[in-house]
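Chemist: If you scroll down you'll find the structure; I have some questions about it.
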Amino acid sequence: MVHPINKQSLSSGKTTHNRALSLIFHKMAECYRYMGTEERFRATAYENVSRVLANMKEDISEHAGSVEELDEIGGIGESIAEKIIEYLQTGKIKTFEELKKKLPFDLLELMDISGFGPSTLRTLHEKLGINNRDDLVKALQENKLNKLKGFGERKLTNMKRALKMEKSNNRMPLQLAEEEGARLLRLIKSIKAVEKIALAGSLRRKKETVGDIDMVLVAVPRNRKRIVEEIIRVIQPQKILARGTTKLSMIVGDRETQVDIRLVHDYEFGSAMLYFTGSKEHNIRLRTIAKERGMKINEYGIFDVKTGERLAGETEEEMYELLGLNYVSPEKRIDAESVETKD
DNA sequence: GGGCTGTACTG
DNA sequence: CAGTAC
DNA sequence: GCCC
DNA sequence: CAGTG
DNA sequence: CACTG
């Protein structure tokens with residue numbers, strides 16, 4: 001019998017452990033990232049579990065009867081399973097507490113800000129004894145960073161801007177993003193050499209909140225430089241984060257919305273849309289399936305691993321088809337489970 | 001034991 | 001080139 | 001760290 | 001100063 | 001950016 005209770009209301013209020021653990025594992029991932037390149041895969045593993053927990057419908061405690069039971073969940077292995085059980089029983093994780101003692105923990109939150117990676121933060125801590133955001137703001141005001149290797153004028157300007165913007169870290173509600181997306185689309189469509197342009201990313205997935213606006217634009221290479229110039233002219237961004245011939249990234253409007261635009265060939269449109277629509281979990285799932293079938297997916301298409309031959313990429317439909325999967329509409333590309341093989 | 005995506009852009 | 005982001 |  | 005990595 | 005020429 002099907003109960004007329006939707007999954008949202010069923011899950012809300014029952015996933016408090018998931019949220020807490022997801023945050024802890026995210027922080028642990030940052031710790032390991034900070035520790036250096038040898039630990040980067042460990043960091044990735046923790047970040048993956050953090051995301052799995054965030055997406056999980058039911059509370060993790062329902063699966064936490066034993067290490068073996070947790071281990072069955074994708075991304076969770078023996079070590080993290082033990083830590084989950086430890087948390088549910090004692091309220092904390094010893095390994096995490098150790099990491100907090102050992103590292104400049106307050107500094108690591110800066111890793112959530114664009115432009116602050118592990119290397120930058122390590123340098124700040126080791127060379128200038130910076131331990132947190134306030135230290136950094138003060139050091140910037142007093143021009144303490146100027147003599148550091150790798151911290152030139154541009155880098156400092158970008159750091160200051162990123163720090164200022166981080167407080168008003170806006171994800172906008174879907175409807176607002178849709179309006180802004182439509183506005184940008186209209187402006188860019190007015191450029192003659194643009195053959196086609198479409199919204200991608202979380203906006204296309206119609207996620208309830210949208211962090212940035214992604215677009216895929218079709219144009220032949222010889223027109224791209226001019227197109228990028230034209231886009232900048234008609235949009236008048238507040239700031240250009242990156243501009244090349246295949247990629248334009250900028251900050252737009254009063255709300256300081258980040259807009260990312262990829263320029264691709266017409267025959268790459270499907271693969272580019274698939275790739276940049278996500279979600280990340282969905283992409284990873286597709287990638288894994290492709291690999292099992294001896295194929296490889298990237299934003300340029302699906303390729304035969306052996307021969308390197310390009311097998312698909314013009315449309316999303318043909319790509320799902322080639323992988324032996326049912327087509328998944330953008331709204332449903334949430335997690336790995338949204339992918340199902342054809343009968 | 002060994003892979004964990006691959007690419008574009010910045011400074 | 002190393003670092004960063006996607 | 002996880003997963004072949 | 002422009003070009004390279 | 002650091003470095004080179």
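Residues in the structure tokens are numbered from 1 in each chain, the chains being A, B, ... in the order shown, and ligands are numbered from 1 in the order shown.
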Would you kindly report the residues of chain B within 8 Å of chain A, using only C-alpha atoms (C1' of nucleotides), as a PDB file with N, CA, C and O atoms (P, O5', C5', C4', C3', O3' and C1' of nucleotides), in the first residue's frame?
Modeler:
```pdb
ATOM      1  P    DC B   4      42.247   7.160 -12.451  1.00  0.00           P
ATOM      2  O5'  DC B   4      41.413   7.648 -11.180  1.00  0.00           O
ATOM      3  C5'  DC B   4      40.147   7.047 -10.906  1.00  0.00           C
ATOM      4  C4'  DC B   4      39.568   7.706  -9.689  1.00  0.00           C
ATOM      5  C3'  DC B   4      39.740   9.229  -9.683  1.00  0.00           C
ATOM      6  O3'  DC B   4      38.479   9.855  -9.555  1.00  0.00           O
ATOM      7  C1'  DC B   4      40.354   8.285  -7.609  1.00  0.00           C
ATOM      8  P    DT B   5      38.275  11.307 -10.203  1.00  0.00           P
ATOM      9  O5'  DT B   5      38.660  11.190 -11.747  1.00  0.00           O
ATOM     10  C5'  DT B   5      38.001  10.276 -12.599  1.00  0.00           C
ATOM     11  C4'  DT B   5      38.078  10.805 -14.013  1.00  0.00           C
ATOM     12  C3'  DT B   5      39.488  11.172 -14.446  1.00  0.00           C
ATOM     13  O3'  DT B   5      39.624  10.815 -15.814  1.00  0.00           O
ATOM     14  C1'  DT B   5      38.119  13.102 -14.533  1.00  0.00           C
ATOM     15  P    DG B   6      41.008  10.988 -16.539  1.00  0.00           P
ATOM     16  O5'  DG B   6      40.832  12.415 -17.219  1.00  0.00           O
ATOM     17  C5'  DG B   6      39.707  12.638 -18.056  1.00  0.00           C
ATOM     18  C4'  DG B   6      39.598  14.118 -18.345  1.00  0.00           C
ATOM     19  C3'  DG B   6      40.858  14.734 -18.958  1.00  0.00           C
ATOM     20  O3'  DG B   6      40.459  15.365 -20.154  1.00  0.00           O
ATOM     21  C1'  DG B   6      40.096  16.044 -17.142  1.00  0.00           C
ATOM     22  P    DA B   8      40.837  22.540 -22.374  1.00  0.00           P
ATOM     23  O5'  DA B   8      40.576  23.803 -21.429  1.00  0.00           O
ATOM     24  C5'  DA B   8      39.256  24.117 -21.050  1.00  0.00           C
ATOM     25  C4'  DA B   8      39.259  25.388 -20.246  1.00  0.00           C
ATOM     26  C3'  DA B   8      40.153  26.498 -20.813  1.00  0.00           C
ATOM     27  O3'  DA B   8      39.452  27.724 -20.722  1.00  0.00           O
ATOM     28  C1'  DA B   8      40.850  25.948 -18.601  1.00  0.00           C
ATOM     29  P    DC B   9      40.061  29.028 -21.359  1.00  0.00           P
ATOM     30  O5'  DC B   9      40.651  29.772 -20.092  1.00  0.00           O
ATOM     31  C5'  DC B   9      39.765  30.117 -19.029  1.00  0.00           C
ATOM     32  C4'  DC B   9      40.573  30.501 -17.815  1.00  0.00           C
ATOM     33  C3'  DC B   9      41.618  31.591 -18.068  1.00  0.00           C
ATOM     34  O3'  DC B   9      41.208  32.785 -17.419  1.00  0.00           O
ATOM     35  C1'  DC B   9      42.426  29.855 -16.643  1.00  0.00           C
ATOM     36  P    DT B  10      42.113  34.075 -17.440  1.00  0.00           P
ATOM     37  O5'  DT B  10      42.887  33.990 -16.051  1.00  0.00           O
ATOM     38  C5'  DT B  10      42.142  33.890 -14.841  1.00  0.00           C
ATOM     39  C4'  DT B  10      43.107  33.816 -13.669  1.00  0.00           C
ATOM     40  C3'  DT B  10      44.123  34.961 -13.641  1.00  0.00           C
ATOM     41  O3'  DT B  10      44.068  35.565 -12.371  1.00  0.00           O
ATOM     42  C1'  DT B  10      45.205  32.847 -13.436  1.00  0.00           C
ATOM     43  P    DG B  11      44.520  37.081 -12.223  1.00  0.00           P
ATOM     44  O5'  DG B  11      45.911  36.901 -11.485  1.00  0.00           O
ATOM     45  C5'  DG B  11      45.999  36.015 -10.367  1.00  0.00           C
ATOM     46  C4'  DG B  11      47.460  35.729 -10.080  1.00  0.00           C
ATOM     47  C3'  DG B  11      48.394  36.904 -10.376  1.00  0.00           C
ATOM     48  O3'  DG B  11      49.404  36.956  -9.387  1.00  0.00           O
ATOM     49  C1'  DG B  11      49.092  35.060 -11.603  1.00  0.00           C
TER      50       DG B  11
END
```
Chemist: Chain A residues within 12 Å of chain C, counting only C-alpha atoms (C1' of nucleotides): which ones, as a count of residues only?
Modeler: 31
Chemist: Would you mind listing what lies within 10 Å of DC4 of chain D as a list of chain:residue names, with only C-alpha atoms (C1' of nucleotides) counted and same-chain residues fewer than 2 positions away left out?
Modeler: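 In the requested form, the answer reads B:DG2, B:DG3, D:DC2.
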Chemist: Mind dumping the selected residues with N, CA, C and O atoms (P, O5', C5', C4', C3', O3' and C1' of nucleotides) as a PDB file, in the first residue's frame?
Modeler:
```pdb
ATOM      1  P    DG B   2      51.089  -1.153  -7.297  1.00  0.00           P
ATOM      2  O5'  DG B   2      49.866  -0.274  -7.822  1.00  0.00           O
ATOM      3  C5'  DG B   2      49.001  -0.825  -8.810  1.00  0.00           C
ATOM      4  C4'  DG B   2      47.825   0.099  -8.977  1.00  0.00           C
ATOM      5  C3'  DG B   2      48.191   1.590  -9.002  1.00  0.00           C
ATOM      6  O3'  DG B   2      47.373   2.210  -9.954  1.00  0.00           O
ATOM      7  C1'  DG B   2      46.607   1.224  -7.361  1.00  0.00           C
ATOM      8  P    DG B   3      47.734   3.568 -10.611  1.00  0.00           P
ATOM      9  O5'  DG B   3      46.293   4.163 -10.916  1.00  0.00           O
ATOM     10  C5'  DG B   3      45.346   3.356 -11.643  1.00  0.00           C
ATOM     11  C4'  DG B   3      43.945   3.840 -11.345  1.00  0.00           C
ATOM     12  C3'  DG B   3      43.792   5.354 -11.422  1.00  0.00           C
ATOM     13  O3'  DG B   3      42.592   5.674 -12.090  1.00  0.00           O
ATOM     14  C1'  DG B   3      43.127   4.588  -9.284  1.00  0.00           C
TER      15       DG B   3
ATOM     16  P    DC D   2      36.671   4.288   4.342  1.00  0.00           P
ATOM     17  O5'  DC D   2      36.414   4.452   2.768  1.00  0.00           O
ATOM     18  C5'  DC D   2      35.499   5.413   2.279  1.00  0.00           C
ATOM     19  C4'  DC D   2      35.234   5.155   0.804  1.00  0.00           C
ATOM     20  C3'  DC D   2      34.833   3.710   0.532  1.00  0.00           C
ATOM     21  O3'  DC D   2      33.746   3.649  -0.366  1.00  0.00           O
ATOM     22  C1'  DC D   2      36.780   4.253  -0.707  1.00  0.00           C
TER      23       DC D   2
END
```
Chemist: Could you pull the residues within 12 Å of DG3 of chain E, counting only C-alpha atoms (C1' of nucleotides), minus those fewer than 4 positions along the same chain, as number ranges by chain?
Modeler: F: 3-5
Chemist: Take atom CA of Leu184 of chain A and atom CA of Ile235 of chain A and report the distance between them in Å, one decimal.
Modeler: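 Between atom CA of Leu184 of chain A and atom CA of Ile235 of chain A the gap is 7.4 Å.
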Chemist: Per residue of chain A within 12 Å of chain D, which atom pair is closest and at what distance in Å (one decimal), using only C-alpha atoms (C1' of nucleotides), listed by chain and increasing number, as a tab-separated table?
Modeler:
```
residue	atom	partner	partner_atom	distance
A:Phe25	CA	D:DG1	C1'	11.1
A:Met28	CA	D:DG1	C1'	10.9
A:Ala29	CA	D:DG1	C1'	9.7
A:Tyr32	CA	D:DG1	C1'	10.1
A:Glu38	CA	D:DG1	C1'	11.7
A:Glu39	CA	D:DG1	C1'	8.8
A:Arg40	CA	D:DG1	C1'	9.3
A:Phe41	CA	D:DG1	C1'	6.7
A:Arg42	CA	D:DG1	C1'	4.0
A:Ala43	CA	D:DG1	C1'	7.0
A:Thr44	CA	D:DG1	C1'	7.5
A:Ala45	CA	D:DG1	C1'	4.9
A:Tyr46	CA	D:DG1	C1'	6.5
A:Glu47	CA	D:DG1	C1'	9.7
A:Asn48	CA	D:DC2	C1'	9.4
A:Val49	CA	D:DC2	C1'	9.7
A:Asp71	CA	D:DC2	C1'	10.2
A:Glu72	CA	D:DC2	C1'	11.7
A:Ile73	CA	D:DC2	C1'	11.0
A:Gly74	CA	D:DC2	C1'	8.6
A:Gly75	CA	D:DC2	C1'	6.0
A:Ile76	CA	D:DC2	C1'	7.0
A:Gly77	CA	D:DC2	C1'	6.2
A:Glu78	CA	D:DC2	C1'	9.1
A:Ser79	CA	D:DG1	C1'	7.8
A:Ile80	CA	D:DG1	C1'	8.0
A:Ala81	CA	D:DG1	C1'	11.3
A:Thr288	CA	D:DC3	C1'	11.4
A:Glu292	CA	D:DC4	C1'	11.2
```
Chemist: Can you write out the residues you just picked, keeping N, CA and C atoms, as a compact mmCIF listing (two decimals), in the first residue's frame?
Modeler:
```
# COMPACT_ATOMS: atom_id res chain seq x y z
N PHE A 25 32.15 15.87 8.53
CA PHE A 25 33.00 15.25 7.49
C PHE A 25 33.49 16.28 6.48
N MET A 28 36.36 17.81 8.21
CA MET A 28 37.50 16.89 8.20
C MET A 28 38.17 16.88 6.83
N ALA A 29 37.35 16.95 5.80
CA ALA A 29 37.90 17.02 4.44
C ALA A 29 38.80 18.24 4.30
N TYR A 32 42.16 17.66 5.96
CA TYR A 32 43.08 16.82 5.18
C TYR A 32 43.59 17.54 3.94
N GLU A 38 49.44 14.80 -0.33
CA GLU A 38 49.40 13.35 -0.06
C GLU A 38 48.06 12.92 0.49
N GLU A 39 47.35 13.86 1.11
CA GLU A 39 46.09 13.52 1.77
C GLU A 39 44.87 13.88 0.94
N ARG A 40 45.11 14.28 -0.32
CA ARG A 40 43.97 14.85 -1.05
C ARG A 40 42.88 13.82 -1.37
N PHE A 41 43.28 12.56 -1.54
CA PHE A 41 42.25 11.56 -1.84
C PHE A 41 41.47 11.19 -0.59
N ARG A 42 42.15 11.22 0.52
CA ARG A 42 41.44 11.02 1.79
C ARG A 42 40.42 12.15 1.97
N ALA A 43 40.86 13.36 1.67
CA ALA A 43 39.97 14.51 1.76
C ALA A 43 38.75 14.32 0.86
N THR A 44 38.99 13.87 -0.36
CA THR A 44 37.90 13.63 -1.30
C THR A 44 36.91 12.60 -0.75
N ALA A 45 37.45 11.55 -0.15
CA ALA A 45 36.60 10.50 0.40
C ALA A 45 35.67 11.07 1.47
N TYR A 46 36.21 11.91 2.36
CA TYR A 46 35.39 12.52 3.39
C TYR A 46 34.35 13.46 2.78
N GLU A 47 34.77 14.21 1.78
CA GLU A 47 33.83 15.13 1.13
C GLU A 47 32.70 14.36 0.47
N ASN A 48 33.02 13.22 -0.13
CA ASN A 48 31.99 12.38 -0.76
C ASN A 48 30.96 11.92 0.27
N VAL A 49 31.44 11.45 1.40
CA VAL A 49 30.51 10.97 2.43
C VAL A 49 29.67 12.13 2.96
N ASP A 71 28.58 0.03 5.92
CA ASP A 71 29.54 -0.20 4.84
C ASP A 71 28.84 -0.43 3.50
N GLU A 72 27.60 -0.87 3.57
CA GLU A 72 26.88 -1.15 2.33
C GLU A 72 26.51 0.12 1.58
N ILE A 73 26.49 1.22 2.29
CA ILE A 73 26.16 2.49 1.64
C ILE A 73 27.36 2.97 0.82
N GLY A 74 27.10 3.34 -0.42
CA GLY A 74 28.18 3.78 -1.30
C GLY A 74 28.93 4.98 -0.74
N GLY A 75 30.24 4.89 -0.73
CA GLY A 75 31.07 5.99 -0.21
C GLY A 75 31.49 5.78 1.23
N ILE A 76 30.71 5.00 1.97
CA ILE A 76 31.05 4.73 3.36
C ILE A 76 31.77 3.39 3.47
N GLY A 77 32.95 3.42 4.04
CA GLY A 77 33.72 2.21 4.26
C GLY A 77 33.85 1.91 5.74
N GLU A 78 34.76 1.01 6.06
CA GLU A 78 34.89 0.58 7.45
C GLU A 78 35.25 1.73 8.38
N SER A 79 36.23 2.51 7.97
CA SER A 79 36.76 3.56 8.84
C SER A 79 35.72 4.62 9.17
N ILE A 80 35.04 5.10 8.13
CA ILE A 80 34.03 6.14 8.35
C ILE A 80 32.81 5.57 9.05
N ALA A 81 32.49 4.30 8.77
CA ALA A 81 31.38 3.65 9.46
C ALA A 81 31.62 3.66 10.97
N THR A 288 30.90 6.51 -13.95
CA THR A 288 31.20 5.15 -13.52
C THR A 288 30.57 4.12 -14.44
N GLU A 292 32.37 1.25 -16.81
CA GLU A 292 32.04 -0.17 -16.79
C GLU A 292 31.80 -0.70 -18.20
```
Chemist: Work out how far atom CA of Asp266 of chain A is from atom CA of Val218 of chain A, in Å to one decimal.
Modeler: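 It comes out at 5.5 Å.
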Chemist: Just give me the gap between atom CA of Arg285 of chain A and atom CA of Asp59 of chain A in Å, one decimal is fine.
Modeler: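 We find that atom CA of Arg285 of chain A and atom CA of Asp59 of chain A lie 22.5 Å from each other.
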Chemist: Using DSSP secondary structure from the backbone, list all alpha helix (DSSP H) positions within segment 16-157 of chain A, as a ChimeraX atom specification.
Modeler: /A:16-35,40-55,67-71,78-90,94-102,105-108,118-128,133-141,153-157
Chemist: Could you write out, as a list in words, all the residues of segment 11-215 of chain A that DSSP marks as strand (DSSP E or B)?
Modeler: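 Across segment 11-215 of chain A, those assigned strand (DSSP E or B) are Met172, Pro173, Lys196, Ile197, Ala198, Leu199, Ala200, Thr209, Val210, Asp212, Ile213, Asp214 and Met215 of chain A.
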Chemist: May I have the residues from that selection written out with C-alpha atoms, as an mmCIF file, in the first residue's frame?
Modeler:
```cif
data_model
loop_
_atom_site.group_PDB
_atom_site.id
_atom_site.type_symbol
_atom_site.label_atom_id
_atom_site.label_comp_id
_atom_site.auth_asym_id
_atom_site.auth_seq_id
_atom_site.Cartn_x
_atom_site.Cartn_y
_atom_site.Cartn_z
ATOM 1 C CA MET A 172 19.110 33.014 -4.629
ATOM 2 C CA PRO A 173 15.658 31.507 -4.708
ATOM 3 C CA LYS A 196 22.661 28.713 -29.659
ATOM 4 C CA ILE A 197 22.668 29.317 -25.911
ATOM 5 C CA ALA A 198 20.954 27.520 -23.027
ATOM 6 C CA LEU A 199 20.843 27.477 -19.244
ATOM 7 C CA ALA A 200 22.555 24.634 -17.409
ATOM 8 C CA THR A 209 18.087 27.709 -4.490
ATOM 9 C CA VAL A 210 20.688 28.560 -7.095
ATOM 10 C CA ASP A 212 25.453 30.599 -9.749
ATOM 11 C CA ILE A 213 24.114 30.731 -13.289
ATOM 12 C CA ASP A 214 25.635 28.321 -15.805
ATOM 13 C CA MET A 215 25.182 28.596 -19.554
#
```
Chemist: Go through A:Ile24, A:Val52, A:Ile84, A:Ile188 one by one, measure the shortest atom-to-atom distance of each to Glu337 of chain A using only C-alpha atoms, and give the residue with the smallest value.
Modeler: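 Selected residue with least distance to Glu337 of chain A: A:Val52.
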